[in-house]
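Structure file structure_19.cif (mmCIF, C-alpha atoms) follows.
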```cif
data_my_file
loop_
_atom_site.label_atom_id
_atom_site.label_comp_id
_atom_site.auth_asym_id
_atom_site.auth_seq_id
_atom_site.Cartn_x
_atom_site.Cartn_y
_atom_site.Cartn_z
CA MET A 1 0.00 0.00 0.00
CA LEU A 2 1.43 3.39 -0.98
CA SER A 3 2.07 5.75 1.91
CA ALA A 4 1.96 8.97 -0.13
CA ILE A 5 0.89 9.85 -3.68
CA LYS A 6 1.12 13.26 -5.27
CA PHE A 7 -0.66 14.08 -8.54
CA THR A 8 0.77 16.50 -11.07
CA GLU A 9 -1.11 19.43 -12.54
CA LYS A 10 -0.78 18.15 -16.12
CA SER A 11 -2.64 14.92 -15.55
CA ASN A 12 -4.55 13.57 -12.61
CA LEU A 13 -3.79 10.05 -13.85
CA THR A 14 0.01 10.29 -13.47
CA PRO A 15 1.06 9.79 -9.84
CA ILE A 16 4.55 10.66 -8.61
CA ILE A 17 5.60 8.23 -5.87
CA LEU A 18 7.54 9.75 -3.00
CA SER A 19 10.86 8.51 -1.67
CA TYR A 20 9.41 5.55 0.20
CA PHE A 21 6.38 3.31 0.25
CA CYS A 22 5.08 0.43 2.34
CA ARG A 23 4.51 -3.11 1.25
CA ASN A 24 3.26 -5.75 3.67
CA GLY A 25 4.35 -3.65 6.61
CA HIS A 26 7.91 -3.12 5.33
CA THR A 27 9.18 0.32 4.34
CA LEU A 28 11.29 0.35 1.16
CA ARG A 29 13.46 3.34 0.34
CA GLY A 30 13.76 4.78 -3.13
CA LYS A 31 11.55 4.21 -6.13
CA PRO A 32 9.63 0.94 -6.51
CA PRO A 33 10.83 -1.66 -9.07
CA GLY A 34 8.22 -0.66 -11.64
CA VAL A 35 9.37 2.98 -11.64
CA ALA A 36 13.10 2.74 -10.96
CA ARG A 37 15.32 2.61 -14.03
CA THR A 38 17.45 -0.44 -14.66
CA LEU A 39 21.23 -0.44 -14.76
CA GLU A 40 21.12 -1.10 -18.51
CA GLN A 41 18.98 2.00 -19.06
CA ARG A 42 21.26 4.17 -16.96
CA LEU A 43 24.40 2.93 -18.76
CA ALA A 44 22.73 3.57 -22.13
CA ASP A 45 22.18 7.23 -21.14
CA GLU A 46 25.75 7.64 -19.88
CA ASN A 47 27.25 6.01 -23.00
CA PRO A 48 25.06 7.11 -25.91
CA VAL A 49 25.63 5.42 -29.26
CA ASP A 50 24.92 7.07 -32.56
CA PRO A 51 22.55 4.73 -34.43
CA GLU A 52 24.00 5.79 -37.77
CA LEU A 53 27.55 4.92 -36.71
CA SER A 54 26.56 1.62 -35.07
CA LYS A 55 24.41 0.47 -37.97
CA LYS A 56 25.52 -2.84 -39.47
CA ILE A 57 26.27 -3.04 -43.20
CA ASN A 58 25.08 -5.93 -45.34
CA ILE A 59 27.94 -7.06 -47.59
CA GLY A 60 26.13 -10.13 -48.93
CA PHE A 61 23.55 -10.68 -51.61
CA PRO A 62 20.24 -8.82 -51.21
CA GLN A 63 17.00 -10.64 -50.54
CA MET A 64 14.60 -10.73 -53.42
CA LYS A 65 11.12 -10.21 -52.00
CA VAL A 66 8.54 -12.70 -53.21
CA SER A 67 5.02 -11.52 -53.84
CA ARG A 68 3.00 -12.14 -50.70
CA SER A 69 -0.13 -12.99 -52.65
CA LYS A 70 1.70 -15.58 -54.75
CA GLU A 71 3.24 -17.14 -51.64
CA LEU A 72 -0.14 -17.41 -49.89
CA PHE A 73 -1.79 -18.79 -53.01
CA LYS A 74 0.91 -21.45 -53.28
CA ARG A 75 0.39 -22.46 -49.64
CA LEU A 76 -3.38 -22.61 -50.12
CA GLU A 77 -3.08 -24.86 -53.15
CA HIS A 78 -0.72 -27.17 -51.26
CA MET A 79 -3.12 -27.40 -48.29
CA LYS A 80 -6.05 -28.24 -50.58
CA LYS A 81 -4.12 -31.10 -52.14
CA GLN A 82 -3.17 -32.46 -48.73
CA ARG A 83 -6.73 -32.37 -47.41
CA VAL A 84 -8.30 -34.31 -50.29
CA ASP A 85 -5.62 -37.04 -50.30
CA PRO A 86 -7.29 -40.10 -48.66
CA GLU A 87 -4.06 -42.12 -48.54
CA LEU A 88 -2.30 -39.35 -46.65
CA GLU A 89 -5.16 -39.14 -44.16
CA LYS A 90 -5.10 -42.89 -43.61
CA LEU A 91 -1.36 -42.94 -42.93
CA SER A 92 -1.68 -40.02 -40.56
CA LYS A 93 -4.44 -41.65 -38.50
CA THR A 94 -2.61 -44.97 -38.26
CA GLY A 95 0.66 -43.32 -37.27
CA LYS A 96 2.52 -44.60 -40.35
CA LEU A 97 3.04 -41.28 -42.11
CA GLN A 98 6.67 -40.85 -43.14
CA ILE A 99 8.12 -37.37 -43.64
CA ASP A 100 11.02 -36.83 -46.01
CA LEU A 101 13.47 -34.89 -43.86
CA ASP A 102 15.71 -34.09 -46.82
CA SER A 103 12.90 -32.27 -48.61
CA VAL A 104 12.02 -30.44 -45.39
CA HIS A 105 15.66 -29.36 -45.04
CA GLU A 106 15.77 -28.14 -48.64
CA GLU A 107 12.58 -26.15 -48.13
CA TRP A 108 14.01 -24.65 -44.93
CA LEU A 109 17.15 -23.54 -46.76
CA LYS A 110 15.05 -21.84 -49.43
CA THR A 111 12.79 -19.98 -46.98
CA SER A 112 13.82 -19.03 -43.44
CA GLY A 113 17.03 -21.05 -43.19
CA PRO A 114 19.50 -18.30 -44.24
CA LEU A 115 18.06 -15.90 -41.66
CA HIS A 116 18.28 -18.56 -38.94
CA ILE A 117 21.92 -19.25 -39.85
CA LYS A 118 22.66 -15.53 -39.70
CA ARG A 119 21.11 -15.35 -36.24
CA ILE A 120 23.24 -18.27 -35.03
CA ALA A 121 26.38 -16.64 -36.44
CA GLU A 122 25.52 -13.40 -34.63
CA HIS A 123 25.10 -15.35 -31.39
CA TYR A 124 28.62 -16.79 -31.77
CA LYS A 125 29.94 -13.35 -32.82
CA ILE A 126 31.21 -14.67 -36.15
CA PHE A 127 30.47 -11.46 -38.06
CA GLU A 128 31.76 -9.21 -35.28
CA HIS A 129 35.15 -10.95 -35.10
CA LEU A 130 35.62 -11.50 -38.83
CA PHE A 131 33.97 -8.48 -40.49
CA GLY A 132 33.55 -5.88 -37.74
CA ASP A 133 30.43 -3.81 -38.44
CA ALA A 134 29.44 -5.85 -41.48
CA TYR A 135 27.33 -8.98 -41.90
CA PHE A 136 25.76 -11.08 -44.62
CA VAL A 137 22.94 -13.57 -45.00
CA PRO A 138 24.30 -16.99 -46.08
CA ARG A 139 22.29 -17.57 -49.26
CA VAL A 140 24.29 -20.60 -50.44
CA ALA A 141 24.20 -23.69 -48.21
CA MET A 142 27.40 -25.71 -47.92
CA ASP A 143 27.54 -29.44 -47.30
CA ILE A 144 30.79 -30.10 -45.40
CA LYS A 145 31.70 -33.55 -44.13
CA TYR A 146 34.90 -34.91 -42.54
CA ASN A 147 35.87 -38.52 -43.19
CA LEU A 148 36.74 -40.01 -39.80
CA PRO A 149 39.87 -42.16 -39.31
CA ASP A 150 37.82 -45.38 -39.24
CA GLY A 151 37.05 -44.83 -42.94
CA GLU A 152 33.36 -45.63 -42.55
CA THR A 153 31.67 -42.69 -40.82
CA GLN A 154 31.59 -38.96 -41.51
CA ALA A 155 31.39 -35.93 -39.23
CA PRO A 156 29.34 -33.08 -40.74
CA VAL A 157 29.91 -29.39 -40.12
CA TYR A 158 26.78 -27.40 -39.36
CA TYR A 159 26.57 -24.15 -37.41
CA GLY A 160 28.54 -24.45 -34.19
CA ASN A 161 28.45 -28.22 -33.63
CA LEU A 162 31.30 -29.85 -31.69
CA LEU A 163 34.08 -31.84 -33.35
CA THR A 164 37.34 -33.17 -31.95
CA PRO A 165 40.72 -32.27 -33.48
CA SER A 166 41.23 -35.94 -34.37
CA ASP A 167 38.07 -35.71 -36.52
CA THR A 168 39.58 -32.89 -38.58
CA GLN A 169 42.92 -34.43 -39.50
CA THR A 170 42.14 -34.62 -43.22
CA ALA A 171 40.51 -32.08 -45.50
CA PRO A 172 36.71 -32.34 -45.61
CA GLU A 173 34.46 -32.89 -48.58
CA VAL A 174 32.76 -29.61 -49.55
CA THR A 175 29.83 -29.24 -51.95
CA PHE A 176 27.43 -26.36 -52.57
CA ASP A 177 24.83 -25.16 -55.04
CA ALA A 178 26.82 -23.31 -57.71
CA SER A 179 23.65 -22.41 -59.64
CA PHE A 180 22.69 -19.78 -57.06
CA SER A 181 21.30 -16.53 -58.47
CA TYR A 182 19.97 -13.80 -56.21
CA ASP A 183 17.80 -12.35 -58.99
CA SER A 184 16.26 -15.77 -59.89
CA LYS A 185 17.81 -15.72 -63.36
CA PRO A 186 19.12 -19.04 -64.72
CA VAL A 187 22.88 -19.46 -64.28
CA ASP A 188 25.26 -21.98 -65.81
CA PRO A 189 27.03 -23.49 -62.74
CA SER A 190 30.13 -24.44 -64.74
CA LYS A 191 30.78 -20.77 -65.56
CA THR A 192 30.71 -19.53 -61.97
CA LEU A 193 33.83 -19.04 -59.85
CA TRP A 194 34.08 -19.37 -56.07
CA THR A 195 36.57 -18.97 -53.22
CA LEU A 196 36.56 -21.25 -50.18
CA LEU A 197 38.20 -20.06 -46.96
CA MET A 198 38.64 -21.84 -43.63
CA THR A 199 39.91 -19.65 -40.81
CA GLY A 200 40.37 -19.89 -37.05
CA PRO A 201 39.72 -16.56 -35.30
CA ASP A 202 40.50 -17.87 -31.80
CA GLY A 203 43.75 -19.78 -32.06
CA HIS A 204 46.64 -17.42 -32.86
CA LEU A 205 49.54 -18.12 -30.50
CA GLU A 206 51.52 -14.88 -30.93
CA GLN A 207 49.40 -12.00 -32.20
CA GLU A 208 46.23 -10.72 -30.60
CA ASN A 209 43.16 -10.27 -32.84
CA SER A 210 44.79 -12.31 -35.61
CA GLU A 211 43.73 -15.52 -37.32
CA TYR A 212 45.27 -18.63 -38.76
CA VAL A 213 44.15 -19.49 -42.28
CA HIS A 214 43.60 -23.27 -42.32
CA TRP A 215 42.55 -23.62 -45.95
CA LEU A 216 42.23 -21.33 -48.95
CA ILE A 217 41.10 -22.41 -52.42
CA THR A 218 40.24 -19.87 -55.11
CA ASN A 219 38.92 -19.87 -58.69
CA ILE A 220 36.75 -22.94 -58.04
CA PRO A 221 34.76 -23.73 -61.21
CA GLY A 222 31.20 -24.62 -60.29
CA ASN A 223 31.14 -26.65 -57.08
CA ASP A 224 34.15 -28.85 -57.91
CA VAL A 225 36.57 -27.88 -55.13
CA SER A 226 39.22 -30.29 -56.42
CA LYS A 227 39.63 -28.20 -59.60
CA GLY A 228 40.23 -24.95 -57.72
CA GLU A 229 43.58 -23.31 -57.12
CA CYS A 230 44.76 -24.36 -53.64
CA LEU A 231 46.81 -21.47 -52.26
CA VAL A 232 46.98 -22.58 -48.63
CA PRO A 233 47.05 -26.35 -47.95
CA TYR A 234 44.65 -27.73 -45.39
CA LEU A 235 45.65 -27.70 -41.73
CA GLN A 236 43.62 -29.43 -39.03
CA ALA A 237 42.14 -27.73 -35.96
CA PHE A 238 44.63 -27.47 -33.08
CA PRO A 239 43.16 -25.64 -30.07
CA PRO A 240 45.84 -25.54 -27.32
CA LYS A 241 45.20 -27.12 -23.96
CA GLY A 242 43.45 -24.90 -21.44
CA THR A 243 41.93 -22.43 -23.93
CA GLY A 244 38.47 -23.97 -24.21
CA TYR A 245 36.46 -24.22 -27.40
CA HIS A 246 37.74 -22.60 -30.60
CA ARG A 247 35.64 -21.63 -33.62
CA PHE A 248 36.67 -22.75 -37.10
CA VAL A 249 34.75 -20.97 -39.85
CA PHE A 250 34.18 -21.93 -43.48
CA LEU A 251 33.40 -18.94 -45.72
CA LEU A 252 32.28 -19.20 -49.33
CA PHE A 253 32.74 -16.20 -51.65
CA LYS A 254 31.26 -15.84 -55.12
CA GLN A 255 33.71 -14.28 -57.57
CA GLU A 256 32.85 -11.84 -60.34
CA LYS A 257 35.95 -12.81 -62.29
CA LYS A 258 39.09 -14.88 -62.03
CA LEU A 259 41.37 -13.59 -59.28
CA ASP A 260 45.10 -13.59 -58.71
CA LEU A 261 45.66 -14.40 -55.02
CA SER A 262 49.24 -15.60 -55.36
CA SER A 263 50.31 -13.22 -52.56
CA TYR A 264 48.47 -15.47 -50.09
CA LYS A 265 50.16 -18.66 -51.26
CA VAL A 266 51.74 -20.80 -48.51
CA THR A 267 54.18 -23.50 -49.54
CA GLU A 268 55.20 -24.74 -46.08
CA GLN A 269 52.17 -26.52 -44.67
CA PHE A 270 53.20 -26.38 -41.00
CA ASN A 271 54.65 -22.85 -40.90
CA LEU A 272 52.25 -20.99 -38.59
CA LYS A 273 53.84 -17.58 -39.08
CA LYS A 274 53.05 -17.61 -42.79
CA ARG A 275 49.47 -18.63 -41.99
CA THR A 276 48.76 -15.42 -40.08
CA PHE A 277 45.63 -14.02 -41.68
CA SER A 278 43.04 -11.26 -41.42
CA THR A 279 39.61 -11.80 -42.94
CA PRO A 280 38.65 -8.07 -42.83
CA ASN A 281 41.79 -7.10 -44.76
CA PHE A 282 41.28 -9.93 -47.23
CA TYR A 283 37.71 -8.85 -47.94
CA LYS A 284 38.54 -5.14 -48.16
CA LYS A 285 41.25 -5.88 -50.73
CA PHE A 286 38.92 -7.83 -53.04
CA GLN A 287 35.49 -6.52 -52.05
CA ASP A 288 34.74 -5.37 -55.60
CA ASP A 289 35.26 -8.86 -56.99
CA ILE A 290 33.97 -11.21 -54.26
CA THR A 291 30.71 -11.44 -52.32
CA PRO A 292 30.25 -13.65 -49.23
CA ALA A 293 27.55 -16.21 -49.93
CA GLY A 294 28.00 -19.24 -47.63
CA LEU A 295 28.86 -19.86 -43.98
CA SER A 296 29.39 -22.92 -41.79
CA PHE A 297 31.46 -23.39 -38.67
CA PHE A 298 32.24 -25.86 -35.92
CA GLN A 299 33.84 -25.77 -32.49
CA ALA A 300 36.71 -27.90 -31.20
CA ASP A 301 38.47 -28.36 -27.87
CA TYR A 302 41.83 -29.88 -27.01
CA ASP A 303 42.30 -33.62 -27.10
CA ALA A 304 45.27 -35.95 -26.55
CA SER A 305 45.97 -36.35 -30.27
CA LEU A 306 47.34 -32.80 -30.45
CA THR A 307 50.44 -33.67 -28.41
CA ASP A 308 51.97 -35.52 -31.36
CA PHE A 309 50.71 -32.83 -33.74
CA PHE A 310 52.56 -30.05 -31.92
CA HIS A 311 55.74 -32.10 -31.46
CA LYS A 312 55.99 -33.92 -34.79
CA LYS A 313 54.12 -31.70 -37.25
CA LEU A 314 54.63 -28.16 -35.96
CA ASP A 315 57.99 -29.05 -34.36
CA MET A 316 57.34 -27.00 -31.25
CA LYS A 317 56.72 -27.43 -27.56
CA GLU A 318 53.08 -28.07 -26.80
CA PRO A 319 51.55 -24.88 -25.34
CA ILE A 320 49.52 -25.35 -22.16
CA TYR A 321 47.52 -22.46 -20.71
CA GLU A 322 46.33 -22.12 -17.14
CA TYR A 323 44.24 -19.47 -15.50
CA ASP A 324 46.27 -17.39 -13.09
CA PHE A 325 44.05 -16.98 -10.05
CA PRO A 326 44.86 -13.98 -7.83
CA LYS A 327 45.98 -14.76 -4.32
CA PRO A 328 43.11 -14.74 -1.82
CA TYR A 329 42.86 -11.74 0.42
CA TYR A 330 42.62 -12.32 4.16
CA LYS A 331 42.18 -9.59 6.71
CA ASP A 332 44.67 -9.13 9.52
CA GLN A 333 44.78 -11.81 12.19
CA ILE A 334 43.02 -11.28 15.49
CA TRP A 335 43.69 -12.77 18.91
CA PHE A 336 40.34 -14.50 19.37
CA PRO A 337 38.69 -15.59 16.11
CA HIS A 338 35.20 -16.38 17.30
CA LYS A 339 32.98 -18.83 15.41
CA SER A 340 35.95 -20.19 13.45
CA ALA A 341 37.76 -23.50 13.82
CA PHE A 342 41.21 -22.75 15.20
CA ASN A 343 43.23 -24.92 12.81
CA GLU A 344 41.22 -23.76 9.78
CA TYR A 345 41.72 -20.15 10.78
CA MET A 346 45.47 -20.62 11.19
CA ASP A 347 45.82 -22.42 7.86
CA ARG A 348 44.70 -19.27 6.05
CA TYR A 349 47.91 -17.52 7.04
CA ARG A 350 50.29 -20.43 6.54
CA ASP A 351 52.26 -21.36 3.46
CA ASP A 352 50.50 -23.93 1.29
CA LYS A 353 53.75 -25.82 0.80
CA GLN A 354 54.15 -26.27 4.55
CA ILE A 355 50.60 -27.58 4.88
CA ASN A 356 51.17 -30.04 2.02
CA LYS A 357 54.41 -31.17 3.62
CA GLU A 358 52.72 -31.93 6.96
CA PHE A 359 49.92 -33.80 5.22
CA LEU A 360 52.41 -35.80 3.16
CA GLN A 361 54.36 -36.80 6.27
CA ARG A 362 51.16 -37.86 7.99
CA LYS A 363 50.11 -39.81 4.91
CA LEU A 364 53.43 -41.61 4.66
CA LYS A 365 53.11 -42.87 8.22
CA GLU A 366 49.90 -44.67 7.28
CA VAL A 367 51.25 -46.24 4.07
CA ASN A 368 52.44 -49.84 4.22
CA PRO A 369 54.24 -51.09 1.10
CA PHE A 370 53.11 -54.66 1.81
CA GLU A 371 49.43 -53.91 2.30
CA ALA A 372 46.80 -52.46 0.02
CA PRO A 373 45.40 -49.06 1.02
CA PRO A 374 41.98 -49.09 2.64
CA PRO A 375 39.11 -48.51 0.18
CA PRO A 376 37.72 -44.97 0.15
CA LEU A 377 34.36 -44.29 1.73
CA ARG A 378 31.57 -44.48 -0.80
CA PHE A 379 29.50 -41.83 1.00
CA PRO A 380 31.89 -39.67 3.04
CA HIS A 381 29.18 -37.49 4.58
CA ALA A 382 27.10 -40.50 5.64
CA HIS A 383 29.62 -41.67 8.25
CA PRO A 384 29.37 -39.58 11.46
CA ILE A 385 32.48 -38.41 13.30
CA LYS A 386 31.96 -38.60 17.05
CA GLY A 387 34.04 -38.23 20.17
CA VAL A 388 36.60 -35.78 18.75
CA PRO A 389 37.05 -32.00 19.12
CA SER A 390 35.45 -29.75 16.57
CA TRP A 391 38.78 -28.67 15.07
CA TYR A 392 39.83 -32.29 14.53
CA LYS A 393 36.42 -33.10 13.06
CA THR A 394 36.97 -30.36 10.48
CA GLU A 395 40.38 -31.83 9.67
CA LEU A 396 38.94 -35.30 9.12
CA GLU A 397 36.21 -33.90 6.86
CA LYS A 398 38.88 -32.22 4.74
CA GLN A 399 40.72 -35.50 4.32
CA ARG A 400 37.53 -37.34 3.36
CA MET A 401 36.41 -34.76 0.80
CA ASP A 402 39.84 -34.17 -0.82
CA HIS A 403 40.39 -30.57 0.19
CA PRO A 404 41.98 -28.57 -2.67
CA LYS A 405 45.22 -28.10 -0.73
CA ILE A 406 45.72 -31.86 -0.35
CA LYS A 407 43.95 -33.11 -3.47
CA GLU A 408 47.13 -33.35 -5.55
CA ILE A 409 48.88 -35.35 -2.83
CA ASN A 410 45.95 -37.74 -2.55
CA LYS A 411 46.31 -38.56 -6.23
CA ILE A 412 49.75 -40.01 -5.54
CA PHE A 413 48.41 -42.57 -3.10
#
```
Can I see the file as structure tokens?
Amino acid sequence: MLSAIKFTEKSNLTPIILSYFCRNGHTLRGKPPGVARTLEQRLADENPVDPELSKKINIGFPQMKVSRSKELFKRLEHMKKQRVDPELEKLSKTGKLQIDLDSVHEEWLKTSGPLHIKRIAEHYKIFEHLFGDAYFVPRVAMDIKYNLPDGETQAPVYYGNLLTPSDTQTAPEVTFDASFSYDSKPVDPSKTLWTLLMTGPDGHLEQENSEYVHWLITNIPGNDVSKGECLVPYLQAFPPKGTGYHRFVFLLFKQEKKLDLSSYKVTEQFNLKKRTFSTPNFYKKFQDDITPAGLSFFQADYDASLTDFFHKKLDMKEPIYEYDFPKPYYKDQIWFPHKSAFNEYMDRYRDDKQINKEFLQRKLKEVNPFEAPPPPLRFPHAHPIKGVPSWYKTELEKQRMDHPKIKEINKIF
């Protein structure tokens, strides 16, 4: 219930709520949640953005708008045919109706699929990290499949699915619809030229905001990638240990004419320095002759197969990254730490190495080389600890639950 309401002279329907109000007997200071401005709104006022400067630029093919009346008429005709089909009705009622998923996928790619792919790419910040303030709608769908080492199965590349580095050891099979035409005019696929690029925006080991080009083929006639000019040989995904998931992006560009990209040629397959790449600079240099048309990407994390790859292929020490946690802050010690276990309180101000040393000595006293160690408790919290002081009870609980300071030592035994 509001404690005070004041009405303005302009409108009797607009109340101004005073600095406090009551709800269920509790007095809340400030404006109520429905009136108070959010942090996002306040930050937007303090950091205004010019909409003209922040506007994204479409560098892809435009969307040809289909007549709405023709589209609705086509849907209506299709629905009429479905309703008068007795065989279709019978299969539907008996639960035996089979749907061709391939035809559904093709229809999706022709209608709302490109916009959905664009939305996924925006979620993963593909356009932001590769093109800055530009974007494009992937009008040409690519079918990318890796042949797995077993020689029988394939791993497809969609839009952010997970693959392992061992799955990407060999170059994938890439096909696409080379007869694409944004103005719906018939095109001879054999006379079209394309450029295929595979880049890794997350994995550069030396330069910040740089990429590694994993694959570059230009002047592809039609959709026959094998007949294109391979400037950069294929290199598998190699996300270093401790860096999480890396994105690996396939970009398809439609060429207006045959291009000379010999300046990007890489002869040494495992020379990472020569693979340093920048997609924005590449596009700006040839933006008058190429248009982005297709997009697919996958994510990969470190696996054990990369150890041999770094040592034998790249001829380098395997990089391992760890997060550097800041040292915990503890306030100054006091004489009588109330409501704190004495030994736990003292361990905060002791050296971790000294604590590990004492635990190791205590552990070695219990180890017998001629006897097997006792089995660990299946449910550590289910066994009560009785008849011991509270500080010692805390110590036993740490040992049962593998406290972080002694976890590494426990692995040895």
*Answer key for the PyMOL selection byres ((chain A and resi 266) around 8), residues as a ChimeraX atom specification*: /A:231-233,264-265,267-269,274-275
Padded axis-aligned box of segment 288-301 of chain A (6 Å per side), centre and edge lengths, Å, one decimal, as AutoDock Vina command-line options:
```
--center_x 33.0 --center_y -16.9 --center_z -42.4 --size_x 22.9 --size_y 35.0 --size_z 41.1
```
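Rounded to one decimal, atom CA of Ile385 of chain A and atom CA of Gln399 of chain A lie 12.5 Å from each other.
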*For the file shown, report as an NGL selection string the outcome of the PyMOL selection byres ((chain A and resi 130) around 10) at residue level.*
:A and (125-129 or 131-135 or 199-201 or 209-211 or 249 or 278-281 or 283)
*Quick one: residues within 12 Å of (40.9, -29.4, -44.0) (file frame), counting only C-alpha atoms, please, as a ChimeraX atom specification.*
/A:144-147,157,165-174,196-200,213-217,230,232-238,248-250,269
*Given the file shown, enumerate the residues that the PyMOL selection byres ((chain A and resi 114) around 12) captures and present them as number ranges by chain.*
A: 60-63, 105-113, 115-121, 136-142, 159, 293-296
